[in-house]
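Shown next: final.cif, given as mmCIF, C-alpha atoms.
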data_query
loop_
_atom_site.group_PDB
_atom_site.id
_atom_site.type_symbol
_atom_site.label_atom_id
_atom_site.label_comp_id
_atom_site.auth_asym_id
_atom_site.auth_seq_id
_atom_site.Cartn_x
_atom_site.Cartn_y
_atom_site.Cartn_z
ATOM 1 C CA MET X 1 -0.365 10.099 4.096
ATOM 2 C CA THR X 2 1.117 6.900 2.742
ATOM 3 C CA GLY X 3 4.645 8.060 1.903
ATOM 4 C CA PRO X 4 6.101 7.741 -1.590
ATOM 5 C CA PHE X 5 3.628 5.062 -2.755
ATOM 6 C CA ALA X 6 -0.154 5.244 -2.888
ATOM 7 C CA ILE X 7 -2.435 2.310 -2.108
ATOM 8 C CA GLY X 8 -2.954 0.512 -5.416
ATOM 9 C CA ALA X 9 0.368 1.680 -6.884
ATOM 10 C CA ARG X 10 2.198 -0.776 -9.133
ATOM 11 C CA VAL X 11 5.757 -1.314 -7.915
ATOM 12 C CA LYS X 12 8.801 -3.416 -8.617
ATOM 13 C CA VAL X 13 11.057 -4.867 -5.937
ATOM 14 C CA ALA X 14 14.723 -3.957 -6.385
ATOM 15 C CA ARG X 15 17.024 -6.732 -7.556
ATOM 16 C CA GLY X 16 19.929 -5.824 -5.276
ATOM 17 C CA LEU X 17 22.049 -8.364 -3.410
ATOM 18 C CA PRO X 18 23.458 -6.258 -0.576
ATOM 19 C CA PRO X 19 25.224 -8.074 2.263
ATOM 20 C CA GLY X 20 23.941 -7.907 5.828
ATOM 21 C CA HIS X 21 20.583 -8.110 7.581
ATOM 22 C CA VAL X 22 18.052 -7.641 4.786
ATOM 23 C CA ARG X 23 14.299 -8.184 5.264
ATOM 24 C CA THR X 24 13.317 -8.365 1.590
ATOM 25 C CA PRO X 25 12.903 -12.033 0.624
ATOM 26 C CA MET X 26 15.068 -13.240 -2.231
ATOM 27 C CA PHE X 27 12.163 -14.865 -4.104
ATOM 28 C CA LEU X 28 10.473 -11.487 -4.591
ATOM 29 C CA ARG X 29 13.445 -9.441 -5.757
ATOM 30 C CA GLY X 30 12.853 -8.115 -9.246
ATOM 31 C CA ARG X 31 9.123 -9.031 -9.104
ATOM 32 C CA ALA X 32 6.286 -6.643 -9.923
ATOM 33 C CA GLY X 33 3.457 -6.210 -7.437
ATOM 34 C CA GLN X 34 0.869 -3.844 -6.050
ATOM 35 C CA VAL X 35 0.864 -1.826 -2.831
ATOM 36 C CA ILE X 36 -2.223 -2.869 -0.848
ATOM 37 C CA ARG X 37 -1.519 -1.406 2.585
ATOM 38 C CA HIS X 38 0.637 1.198 4.310
ATOM 39 C CA PHE X 39 1.722 0.304 7.853
ATOM 40 C CA GLY X 40 3.354 3.576 8.876
ATOM 41 C CA THR X 41 7.049 4.198 9.444
ATOM 42 C CA PHE X 42 9.601 2.028 11.221
ATOM 43 C CA PRO X 43 13.333 2.113 11.985
ATOM 44 C CA ASN X 44 15.441 0.687 9.177
ATOM 45 C CA PRO X 45 16.207 -2.944 10.202
ATOM 46 C CA GLU X 46 19.269 -3.023 7.952
ATOM 47 C CA ARG X 47 20.838 -0.410 10.284
ATOM 48 C CA LEU X 48 19.234 -1.457 13.571
ATOM 49 C CA ALA X 49 20.879 -4.867 13.192
ATOM 50 C CA TYR X 50 24.301 -3.228 13.521
ATOM 51 C CA GLY X 51 23.560 -1.162 16.600
ATOM 52 C CA LEU X 52 22.724 1.996 14.638
ATOM 53 C CA SER X 53 19.650 4.155 15.252
ATOM 54 C CA GLY X 54 17.718 2.944 12.223
ATOM 55 C CA LEU X 55 16.902 6.564 11.389
ATOM 56 C CA PRO X 56 15.521 8.031 9.235
ATOM 57 C CA LEU X 57 12.352 5.985 9.635
ATOM 58 C CA LEU X 58 11.168 4.149 6.542
ATOM 59 C CA HIS X 59 7.665 3.701 5.182
ATOM 60 C CA LEU X 60 6.581 0.067 5.261
ATOM 61 C CA TYR X 61 4.116 -1.410 2.763
ATOM 62 C CA GLN X 62 2.279 -4.663 2.250
ATOM 63 C CA VAL X 63 2.856 -5.568 -1.381
ATOM 64 C CA LEU X 64 0.715 -8.118 -3.220
ATOM 65 C CA PHE X 65 2.135 -10.401 -5.933
ATOM 66 C CA THR X 66 0.325 -12.954 -8.039
ATOM 67 C CA MET X 67 1.670 -16.490 -7.699
ATOM 68 C CA ASP X 68 2.163 -16.539 -11.462
ATOM 69 C CA GLU X 69 4.334 -13.390 -11.386
ATOM 70 C CA THR X 70 6.350 -15.009 -8.612
ATOM 71 C CA TRP X 71 6.716 -18.597 -9.833
ATOM 72 C CA ASN X 72 5.692 -18.540 -13.494
ATOM 73 C CA GLY X 73 3.607 -21.700 -13.174
ATOM 74 C CA ASP X 74 6.189 -23.700 -11.224
ATOM 75 C CA GLY X 75 4.283 -24.281 -7.972
ATOM 76 C CA ALA X 76 1.113 -25.754 -6.461
ATOM 77 C CA TYR X 77 -1.415 -22.916 -6.516
ATOM 78 C CA ALA X 78 -4.697 -21.905 -8.158
ATOM 79 C CA PRO X 79 -4.808 -19.173 -10.843
ATOM 80 C CA GLY X 80 -6.116 -16.518 -8.438
ATOM 81 C CA ASP X 81 -3.700 -17.226 -5.575
ATOM 82 C CA THR X 82 -1.371 -14.524 -4.295
ATOM 83 C CA VAL X 83 1.487 -13.856 -1.890
ATOM 84 C CA THR X 84 2.224 -10.687 0.070
ATOM 85 C CA ALA X 85 5.326 -9.424 1.839
ATOM 86 C CA ASP X 86 6.041 -6.382 3.990
ATOM 87 C CA ILE X 87 8.612 -4.282 2.153
ATOM 88 C CA TYR X 88 10.346 -1.035 3.107
ATOM 89 C CA GLU X 89 10.197 1.923 0.710
ATOM 90 C CA THR X 90 13.911 1.737 -0.113
ATOM 91 C CA TRP X 91 13.344 -1.607 -1.858
ATOM 92 C CA LEU X 92 10.478 -0.457 -4.064
ATOM 93 C CA GLU X 93 10.588 1.271 -7.432
ATOM 94 C CA PRO X 94 7.550 2.801 -9.167
ATOM 95 C CA LEU X 95 6.345 0.838 -12.172
ATOM 96 C CA MET Q 1 32.536 -19.027 34.309
ATOM 97 C CA SER Q 2 29.202 -18.633 36.012
ATOM 98 C CA THR Q 3 28.813 -22.307 36.762
ATOM 99 C CA HIS Q 4 30.295 -21.851 40.258
ATOM 100 C CA GLY Q 5 27.405 -19.656 41.296
ATOM 101 C CA HIS Q 6 29.541 -16.632 42.297
ATOM 102 C CA HIS Q 7 27.727 -14.176 40.113
ATOM 103 C CA ASP Q 8 25.885 -12.118 42.699
ATOM 104 C CA HIS Q 9 28.475 -9.317 42.885
ATOM 105 C CA GLY Q 10 26.256 -6.933 44.785
ATOM 106 C CA HIS Q 11 23.469 -7.249 42.241
ATOM 107 C CA PRO Q 12 20.379 -5.403 43.484
ATOM 108 C CA HIS Q 13 18.325 -8.586 43.178
ATOM 109 C CA GLY Q 14 20.363 -10.130 46.003
ATOM 110 C CA HIS Q 15 21.493 -13.706 46.260
ATOM 111 C CA ASP Q 16 20.585 -15.609 43.121
ATOM 112 C CA HIS Q 17 20.928 -19.334 43.554
ATOM 113 C CA THR Q 18 19.360 -20.137 40.210
ATOM 114 C CA VAL Q 19 21.569 -22.236 37.982
ATOM 115 C CA PHE Q 20 20.621 -21.810 34.379
ATOM 116 C CA GLN Q 21 19.297 -25.062 32.927
ATOM 117 C CA PRO Q 22 19.929 -25.182 29.204
ATOM 118 C CA ASP Q 23 17.527 -26.991 26.887
ATOM 119 C CA ILE Q 24 20.433 -28.361 24.893
ATOM 120 C CA ARG Q 25 22.872 -30.343 27.002
ATOM 121 C CA GLU Q 26 25.666 -30.653 24.493
ATOM 122 C CA PRO Q 27 25.993 -27.705 22.147
ATOM 123 C CA SER Q 28 27.446 -28.539 18.785
ATOM 124 C CA GLU Q 29 26.702 -25.610 16.515
ATOM 125 C CA GLU Q 30 28.345 -22.224 16.386
ATOM 126 C CA TRP Q 31 25.162 -20.314 17.326
ATOM 127 C CA GLU Q 32 24.721 -22.471 20.418
ATOM 128 C CA PHE Q 33 28.225 -21.591 21.639
ATOM 129 C CA LEU Q 34 27.529 -17.940 20.852
ATOM 130 C CA GLU Q 35 24.352 -18.016 22.948
ATOM 131 C CA ILE Q 36 26.215 -19.602 25.885
ATOM 132 C CA ALA Q 37 29.062 -17.099 25.685
ATOM 133 C CA LEU Q 38 26.660 -14.141 25.531
ATOM 134 C CA ARG Q 39 24.467 -15.453 28.366
ATOM 135 C CA GLU Q 40 27.448 -16.151 30.646
ATOM 136 C CA LEU Q 41 28.900 -12.713 29.980
ATOM 137 C CA LEU Q 42 25.581 -10.981 30.707
ATOM 138 C CA ILE Q 43 25.323 -12.872 34.002
ATOM 139 C CA GLU Q 44 28.955 -12.319 35.003
ATOM 140 C CA LYS Q 45 28.707 -8.605 34.300
ATOM 141 C CA ASP Q 46 25.520 -8.325 36.406
ATOM 142 C CA ILE Q 47 23.419 -7.147 33.474
ATOM 143 C CA VAL Q 48 20.888 -9.924 34.035
ATOM 144 C CA THR Q 49 20.707 -12.793 36.501
ATOM 145 C CA ALA Q 50 20.227 -16.458 35.660
ATOM 146 C CA ARG Q 51 16.934 -16.184 37.530
ATOM 147 C CA GLU Q 52 15.726 -13.371 35.287
ATOM 148 C CA ILE Q 53 16.554 -15.368 32.162
ATOM 149 C CA GLN Q 54 14.786 -18.439 33.543
ATOM 150 C CA ASP Q 55 11.747 -16.363 34.576
ATOM 151 C CA GLN Q 56 11.529 -14.826 31.114
ATOM 152 C CA ILE Q 57 11.680 -18.221 29.408
ATOM 153 C CA GLU Q 58 8.905 -19.478 31.676
ATOM 154 C CA ALA Q 59 6.833 -16.345 31.122
ATOM 155 C CA TRP Q 60 6.967 -16.951 27.359
ATOM 156 C CA GLU Q 61 6.119 -20.593 27.804
ATOM 157 C CA ARG Q 62 2.964 -19.695 29.746
ATOM 158 C CA LYS Q 63 1.576 -17.867 26.700
ATOM 159 C CA SER Q 64 -0.580 -20.042 24.481
ATOM 160 C CA PRO Q 65 -3.006 -20.035 21.530
ATOM 161 C CA GLU Q 66 -5.831 -19.754 24.088
ATOM 162 C CA GLY Q 67 -5.204 -15.998 24.061
ATOM 163 C CA GLY Q 68 -5.707 -15.706 20.316
ATOM 164 C CA ALA Q 69 -8.740 -18.004 20.483
ATOM 165 C CA ARG Q 70 -10.457 -15.690 23.000
ATOM 166 C CA ILE Q 71 -9.721 -12.711 20.745
ATOM 167 C CA VAL Q 72 -11.156 -14.494 17.684
ATOM 168 C CA ALA Q 73 -14.263 -15.670 19.557
ATOM 169 C CA ARG Q 74 -14.962 -12.116 20.656
ATOM 170 C CA ALA Q 75 -14.491 -10.837 17.089
ATOM 171 C CA TRP Q 76 -17.036 -13.463 15.945
ATOM 172 C CA THR Q 77 -19.673 -12.368 18.458
ATOM 173 C CA ASP Q 78 -19.070 -8.619 18.778
ATOM 174 C CA PRO Q 79 -19.141 -6.759 15.421
ATOM 175 C CA ALA Q 80 -17.818 -3.521 16.964
ATOM 176 C CA TYR Q 81 -14.858 -5.412 18.450
ATOM 177 C CA ARG Q 82 -14.232 -7.149 15.116
ATOM 178 C CA ALA Q 83 -14.083 -3.730 13.426
ATOM 179 C CA ARG Q 84 -11.641 -2.413 16.048
ATOM 180 C CA LEU Q 85 -9.468 -5.532 15.732
ATOM 181 C CA LEU Q 86 -9.221 -5.127 11.957
ATOM 182 C CA GLU Q 87 -8.569 -1.389 12.290
ATOM 183 C CA ASP Q 88 -5.936 -1.436 15.063
ATOM 184 C CA GLY Q 89 -4.812 -4.874 16.241
ATOM 185 C CA ASN Q 90 -2.572 -3.643 19.059
ATOM 186 C CA ALA Q 91 -5.299 -1.541 20.692
ATOM 187 C CA ALA Q 92 -7.958 -4.245 20.289
ATOM 188 C CA VAL Q 93 -5.871 -7.021 21.888
ATOM 189 C CA ALA Q 94 -4.799 -4.610 24.657
ATOM 190 C CA GLU Q 95 -8.516 -4.335 25.545
ATOM 191 C CA MET Q 96 -8.376 -8.068 26.239
ATOM 192 C CA GLY Q 97 -5.242 -7.713 28.373
ATOM 193 C CA PHE Q 98 -2.583 -8.633 25.813
ATOM 194 C CA GLU Q 99 0.393 -6.410 25.237
ATOM 195 C CA VAL Q 100 2.175 -6.601 21.888
ATOM 196 C CA GLU Q 101 5.160 -4.341 22.324
ATOM 197 C CA ALA Q 102 7.128 -2.638 19.553
ATOM 198 C CA LEU Q 103 5.413 -4.624 16.808
ATOM 199 C CA LYS Q 104 2.355 -3.919 14.720
ATOM 200 C CA LEU Q 105 -0.321 -6.556 15.203
ATOM 201 C CA VAL Q 106 -2.418 -7.013 12.077
ATOM 202 C CA ALA Q 107 -5.598 -9.113 12.047
ATOM 203 C CA LEU Q 108 -6.617 -10.647 8.723
ATOM 204 C CA GLU Q 109 -10.118 -11.960 8.211
ATOM 205 C CA ASN Q 110 -10.743 -15.118 6.230
ATOM 206 C CA THR Q 111 -13.876 -15.181 4.107
ATOM 207 C CA GLU Q 112 -15.439 -17.436 1.512
ATOM 208 C CA ASP Q 113 -13.466 -15.591 -1.190
ATOM 209 C CA LEU Q 114 -10.149 -14.970 0.556
ATOM 210 C CA HIS Q 115 -8.086 -17.301 2.735
ATOM 211 C CA HIS Q 116 -4.960 -15.944 4.455
ATOM 212 C CA MET Q 117 -2.106 -18.234 5.461
ATOM 213 C CA VAL Q 118 0.862 -16.820 7.374
ATOM 214 C CA VAL Q 119 4.534 -17.698 7.034
ATOM 215 C CA CYS Q 120 7.849 -16.053 7.825
ATOM 216 C CA THR Q 121 10.164 -17.109 5.032
ATOM 217 C CA LEU Q 122 13.129 -15.258 6.568
ATOM 218 C CA CYS Q 123 13.000 -16.613 10.129
ATOM 219 C CA SER Q 124 10.119 -17.381 12.508
ATOM 220 C CA CYS Q 125 8.166 -14.148 13.113
ATOM 221 C CA TYR Q 126 4.985 -15.093 14.977
ATOM 222 C CA PRO Q 127 2.495 -13.216 17.208
ATOM 223 C CA ARG Q 128 3.855 -14.843 20.373
ATOM 224 C CA PRO Q 129 2.082 -12.639 22.952
ATOM 225 C CA ILE Q 130 -1.296 -13.962 21.745
ATOM 226 C CA LEU Q 131 -0.413 -17.378 20.243
ATOM 227 C CA GLY Q 132 2.492 -18.522 22.408
ATOM 228 C CA MET Q 133 5.617 -20.113 20.984
ATOM 229 C CA PRO Q 134 5.440 -21.106 17.312
ATOM 230 C CA PRO Q 135 5.178 -24.803 16.428
ATOM 231 C CA LEU Q 136 8.402 -26.413 15.219
ATOM 232 C CA TRP Q 137 6.962 -26.893 11.736
ATOM 233 C CA TYR Q 138 6.359 -23.143 11.456
ATOM 234 C CA LYS Q 139 10.091 -22.584 11.945
ATOM 235 C CA SER Q 140 11.134 -25.431 9.654
ATOM 236 C CA ARG Q 141 12.903 -24.711 6.386
ATOM 237 C CA GLU Q 142 10.376 -26.965 4.686
ATOM 238 C CA TYR Q 143 7.267 -24.991 5.686
ATOM 239 C CA ARG Q 144 8.998 -21.647 5.132
ATOM 240 C CA SER Q 145 10.037 -22.510 1.592
ATOM 241 C CA ARG Q 146 6.971 -24.480 0.524
ATOM 242 C CA ALA Q 147 4.200 -22.236 1.918
ATOM 243 C CA VAL Q 148 4.912 -19.460 -0.580
ATOM 244 C CA ARG Q 149 5.371 -21.756 -3.569
ATOM 245 C CA GLU Q 150 2.979 -24.659 -3.076
ATOM 246 C CA PRO Q 151 0.382 -23.287 -0.667
ATOM 247 C CA ARG Q 152 -2.374 -25.592 -1.942
ATOM 248 C CA ALA Q 153 -0.182 -28.683 -1.399
ATOM 249 C CA VAL Q 154 0.763 -27.534 2.105
ATOM 250 C CA LEU Q 155 -2.868 -26.757 2.959
ATOM 251 C CA LYS Q 156 -3.911 -30.249 1.819
ATOM 252 C CA GLU Q 157 -1.341 -31.768 4.165
ATOM 253 C CA PHE Q 158 -3.048 -29.857 6.993
ATOM 254 C CA GLY Q 159 -6.400 -31.283 5.848
ATOM 255 C CA THR Q 160 -7.481 -27.982 4.345
ATOM 256 C CA ASP Q 161 -9.004 -28.282 0.889
ATOM 257 C CA LEU Q 162 -10.288 -24.978 -0.463
ATOM 258 C CA PRO Q 163 -12.128 -24.428 -3.759
ATOM 259 C CA GLU Q 164 -10.201 -22.680 -6.549
ATOM 260 C CA THR Q 165 -12.712 -19.823 -6.308
ATOM 261 C CA THR Q 166 -11.216 -18.961 -2.909
ATOM 262 C CA GLU Q 167 -8.065 -16.872 -3.288
ATOM 263 C CA VAL Q 168 -5.294 -18.295 -1.131
ATOM 264 C CA ARG Q 169 -3.200 -15.331 -0.025
ATOM 265 C CA VAL Q 170 0.092 -16.340 1.581
ATOM 266 C CA VAL Q 171 1.213 -13.583 3.932
ATOM 267 C CA ASP Q 172 4.967 -13.458 4.439
ATOM 268 C CA SER Q 173 5.663 -11.554 7.680
ATOM 269 C CA THR Q 174 9.008 -10.162 6.656
ATOM 270 C CA ALA Q 175 9.167 -7.003 8.775
ATOM 271 C CA ASP Q 176 7.598 -5.275 11.795
ATOM 272 C CA CYS Q 177 4.089 -6.737 11.500
ATOM 273 C CA ARG Q 178 2.789 -9.845 13.230
ATOM 274 C CA TYR Q 179 -0.301 -11.429 11.755
ATOM 275 C CA LEU Q 180 -3.335 -13.018 13.396
ATOM 276 C CA VAL Q 181 -5.731 -14.821 11.068
ATOM 277 C CA ILE Q 182 -9.401 -14.619 12.031
ATOM 278 C CA PRO Q 183 -10.756 -17.903 10.664
ATOM 279 C CA ARG Q 184 -14.297 -18.140 9.321
ATOM 280 C CA ARG Q 185 -16.892 -18.808 11.989
ATOM 281 C CA PRO Q 186 -18.111 -22.385 11.457
ATOM 282 C CA GLU Q 187 -21.718 -23.080 10.428
ATOM 283 C CA GLY Q 188 -24.155 -24.152 13.114
ATOM 284 C CA THR Q 189 -22.620 -22.079 15.926
ATOM 285 C CA ASP Q 190 -25.349 -19.445 16.215
ATOM 286 C CA GLY Q 191 -26.363 -19.963 19.818
ATOM 287 C CA MET Q 192 -22.890 -20.669 21.188
ATOM 288 C CA SER Q 193 -21.232 -18.622 23.938
ATOM 289 C CA GLU Q 194 -17.894 -16.866 23.486
ATOM 290 C CA ALA Q 195 -16.162 -19.523 25.612
ATOM 291 C CA GLU Q 196 -17.690 -22.359 23.578
ATOM 292 C CA LEU Q 197 -16.658 -20.637 20.364
ATOM 293 C CA ALA Q 198 -13.083 -20.095 21.606
ATOM 294 C CA ALA Q 199 -12.726 -23.878 21.965
ATOM 295 C CA LEU Q 200 -13.309 -24.187 18.195
ATOM 296 C CA VAL Q 201 -10.430 -21.844 17.345
ATOM 297 C CA SER Q 202 -7.340 -23.979 16.848
ATOM 298 C CA ARG Q 203 -3.828 -22.609 16.754
ATOM 299 C CA ASP Q 204 -3.451 -23.624 13.119
ATOM 300 C CA SER Q 205 -6.675 -21.828 12.153
ATOM 301 C CA MET Q 206 -5.093 -18.606 13.439
ATOM 302 C CA ILE Q 207 -1.968 -19.252 11.333
ATOM 303 C CA GLY Q 208 -4.228 -20.054 8.382
ATOM 304 C CA THR Q 209 -3.049 -23.569 7.635
ATOM 305 C CA ALA Q 210 -6.407 -24.892 8.856
ATOM 306 C CA THR Q 211 -9.992 -23.790 9.406
ATOM 307 C CA ALA Q 212 -11.760 -23.571 12.766
ATOM 308 C CA PHE Q 213 -13.208 -26.804 14.180
ATOM 309 C CA ALA Q 214 -16.821 -27.646 13.397
ATOM 310 C CA PRO Q 215 -19.110 -27.663 16.437
ATOM 311 C CA GLY Q 216 -19.480 -31.109 17.940
ATOM 312 C CA SER Q 217 -16.078 -32.220 16.644
ATOM 313 C CA GLY Q 218 -14.543 -32.031 20.085
ATOM 314 C CA GLY Q 219 -12.801 -28.680 19.776
ATOM 315 C CA ARG Q 220 -9.407 -27.730 21.046
ATOM 316 C CA SER Q 221 -8.164 -29.671 24.041
ATOM 317 C CA VAL Q 222 -6.900 -27.250 26.644
#
Can the structure in the file be given as structure tokens, please?
Amino acid sequence: MTGPFAIGARVKVARGLPPGHVRTPMFLRGRAGQVIRHFGTFPNPERLAYGLSGLPLLHLYQVLFTMDETWNGDGAYAPGDTVTADIYETWLEPL
Amino acid sequence: MSTHGHHDHGHPHGHDHTVFQPDIREPSEEWEFLEIALRELLIEKDIVTAREIQDQIEAWERKSPEGGARIVARAWTDPAYRARLLEDGNAAVAEMGFEVEALKLVALENTEDLHHMVVCTLCSCYPRPILGMPPLWYKSREYRSRAVREPRAVLKEFGTDLPETTEVRVVDSTADCRYLVIPRRPEGTDGMSEAELAALVSRDSMIGTATAFAPGSGGRSV
């Protein structure tokens, strides 16, 4: 059981700019990637940070992005290089 | 203020004569004042003692990359352990006596085709129970911003030059996972013992900014 996204699923990171303690890096918001791993469920850090329970638990995924999708050529990387981040289900949209 | 030492109001730990010794003598930034205010309140209200804070700081400072190096050396020599480490990091390091509480420890194996390099772009997430305290550069704004954008340039600065046929995968530890890189076992190490191999596993090779030392190059100084 891997929650709402299957391993291999194409996803897009939400573009939101909510205030507060957010664990989705800015440089990946709005980028398209691929789910490569499911880590299980964890308390929501955006609520935990304010003394709340963090429930309901959220599915956490490792999402893979190509460097080109992320930087569009403006960086020092080889064509096959990639970057991953660990992103909670609430930040991912199916693509 | 706790500086007068009268903060043992019947605390079960008895008389605590420890005076907290701050690393920073003259705080200047808001977060430093916040830390002082919070620490003094916790001590005054008998929630923790100065001694407990000092002990905890020292306990963290005793942890070092030697732990991770022993784990990697075992993974190199024991295929069943390697498989367990990749499958369930927390359970595999617990076998070696390391406790990683509340976080998910994930081991990533470097190969000829795939090289992992770890960063925390948001703060300084690091597998401290097995690697000790992170180096200052790991926490620097420079490394955190450049690692994800110019990984090949950063790797070169660490003396790591990988062919373009090797995928460099920058792993941003943004959430509840802490990553341990298992570097490639160097050539010419076939007959070496686990302890000899552990000396080849540098801290940076377990972050992924470097590779393990070649045998005969002196190894890690412990």
- Interface, chain Q side, toward chain X (8 Å; all atoms listed in the file) as an MDAnalysis selection string: chainID Q and resid 121:122 148:153 164:177
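With the shown file loaded, the PyMOL selection byres ((chain Q and resi 95) around 12) picks out Arg70, Ile71, Arg74, Tyr81, Arg84, Leu85, Asp88, Gly89, Asn90, Ala91, Ala92, Val93, Ala94, Met96, Gly97, Phe98, Glu99 and Val100 of chain Q.
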- Message: (-5.2, -22.2, 14.2) in this file's frame - what residues fall within 9 Å of it? Use all atoms listed in the file and give the answer as a list of chain:residue names.
- Response: Q:Pro65, Q:Gly68, Q:Ala69, Q:Val181, Q:Ile182, Q:Pro183, Q:Val201, Q:Ser202, Q:Arg203, Q:Asp204, Q:Ser205, Q:Met206, Q:Ile207, Q:Gly208, Q:Thr209, Q:Ala210, Q:Thr211, Q:Ala212
Go ahead and write the selection's residues with C-alpha atoms as a PDB file, in the coordinates of the input.
ATOM      1  CA  PRO Q  65      -3.006 -20.035  21.530  1.00  0.00           C
ATOM      2  CA  GLY Q  68      -5.707 -15.706  20.316  1.00  0.00           C
ATOM      3  CA  ALA Q  69      -8.740 -18.004  20.483  1.00  0.00           C
ATOM      4  CA  VAL Q 181      -5.731 -14.821  11.068  1.00  0.00           C
ATOM      5  CA  ILE Q 182      -9.401 -14.619  12.031  1.00  0.00           C
ATOM      6  CA  PRO Q 183     -10.756 -17.903  10.664  1.00  0.00           C
ATOM      7  CA  VAL Q 201     -10.430 -21.844  17.345  1.00  0.00           C
ATOM      8  CA  SER Q 202      -7.340 -23.979  16.848  1.00  0.00           C
ATOM      9  CA  ARG Q 203      -3.828 -22.609  16.754  1.00  0.00           C
ATOM     10  CA  ASP Q 204      -3.451 -23.624  13.119  1.00  0.00           C
ATOM     11  CA  SER Q 205      -6.675 -21.828  12.153  1.00  0.00           C
ATOM     12  CA  MET Q 206      -5.093 -18.606  13.439  1.00  0.00           C
ATOM     13  CA  ILE Q 207      -1.968 -19.252  11.333  1.00  0.00           C
ATOM     14  CA  GLY Q 208      -4.228 -20.054   8.382  1.00  0.00           C
ATOM     15  CA  THR Q 209      -3.049 -23.569   7.635  1.00  0.00           C
ATOM     16  CA  ALA Q 210      -6.407 -24.892   8.856  1.00  0.00           C
ATOM     17  CA  THR Q 211      -9.992 -23.790   9.406  1.00  0.00           C
ATOM     18  CA  ALA Q 212     -11.760 -23.571  12.766  1.00  0.00           C
TER      19      ALA Q 212
END
Find the axis-aligned box for region 26-37 of chain Q, covering all its listed atoms and adding 6 Å on each side, and write its centre and edge lengths in Å to one decimal as JSON.
{"center_x": 26.7, "center_y": -23.9, "center_z": 21.1, "size_x": 16.7, "size_y": 25.6, "size_z": 21.5}
- Given the file shown, determine the residues that the PyMOL selection byres ((chain Q and resi 110) around 6) selects; report them as a list in words. Glu109, Thr111, Leu114, His115, Ile182, Pro183 and Arg184 of chain Q
- Message: Can you translate the PyMOL selection byres ((chain Q and resi 194) around 7) into the concrete residues it hits in this file, as a list in words?
- Response: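 Going through the file, the PyMOL selection byres ((chain Q and resi 194) around 7) ends up selecting Ala73, Arg74, Thr77, Met192, Ser193, Ala195, Glu196, Leu197 and Ala198 of chain Q.
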Please produce an output containing C-alpha atoms for each residue in the selection, written as a short mmCIF file (atom, residue, chain, number, x, y, z; two decimals), keeping the file's coordinate frame.
data_model
loop_
_atom_site.label_atom_id
_atom_site.label_comp_id
_atom_site.auth_asym_id
_atom_site.auth_seq_id
_atom_site.Cartn_x
_atom_site.Cartn_y
_atom_site.Cartn_z
CA ALA Q 73 -14.26 -15.67 19.56
CA ARG Q 74 -14.96 -12.12 20.66
CA THR Q 77 -19.67 -12.37 18.46
CA MET Q 192 -22.89 -20.67 21.19
CA SER Q 193 -21.23 -18.62 23.94
CA ALA Q 195 -16.16 -19.52 25.61
CA GLU Q 196 -17.69 -22.36 23.58
CA LEU Q 197 -16.66 -20.64 20.36
CA ALA Q 198 -13.08 -20.10 21.61
#
- Message: Give me, as a count of residues only, all polymer residues having an atom no more than 7 Å from region 18-31 of chain Q, counting only C-alpha atoms and skipping those fewer than 5 positions away in the same chain.
- Response: 3
Residues within 8 Å of Pro4 (chain X), please, as a tab-separated table (two decimals) with C-alpha atoms, in the frame of the given file. Count only C-alpha atoms; anything in the same chain fewer than 2 positions from it doesn't count.
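Okay, around-v6.tsv is ready:
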chain	number	residue	atom	x	y	z
X	2	THR	CA	1.12	6.90	2.74
X	6	ALA	CA	-0.15	5.24	-2.89
X	89	GLU	CA	10.20	1.92	0.71
- Query: In Å, with one decimal, what is the gap from CA of Arg144 (chain Q) to CA of Tyr126 (chain Q)?
  - Reply: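 Going from CA of Arg144 (chain Q) over to CA of Tyr126 (chain Q) covers 12.5 Å.
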- Item | Two-atom distance - CA of Ala107 (chain Q), CA of Arg82 (chain Q) (Å) |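 The value is 9.4 Å.
When CA of Arg185 (chain Q) is paired with CA of Phe213 (chain Q), their separation reads 9.1 Å.
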Produce region 19-35 of chain Q of the given structure as output with C-alpha atoms, as a short mmCIF file (atom, residue, chain, number, x, y, z; two decimals), in the first residue's frame.
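Output file out14.cif is given in full below:
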data_model
loop_
_atom_site.label_atom_id
_atom_site.label_comp_id
_atom_site.auth_asym_id
_atom_site.auth_seq_id
_atom_site.Cartn_x
_atom_site.Cartn_y
_atom_site.Cartn_z
CA VAL Q 19 26.79 26.40 35.50
CA PHE Q 20 25.84 26.30 31.87
CA GLN Q 21 28.77 27.31 29.67
CA PRO Q 22 27.52 28.82 26.44
CA ASP Q 23 29.48 28.40 23.22
CA ILE Q 24 28.73 31.98 22.27
CA ARG Q 25 29.88 34.48 24.87
CA GLU Q 26 28.14 37.54 23.52
CA PRO Q 27 24.84 36.84 21.81
CA SER Q 28 23.92 39.30 19.12
CA GLU Q 29 21.15 37.71 17.10
CA GLU Q 30 17.51 37.29 17.96
CA TRP Q 31 17.63 33.46 17.91
CA GLU Q 32 20.53 33.47 20.36
CA PHE Q 33 18.53 35.55 22.86
CA LEU Q 34 15.55 33.25 22.30
CA GLU Q 35 17.68 30.19 23.09
#
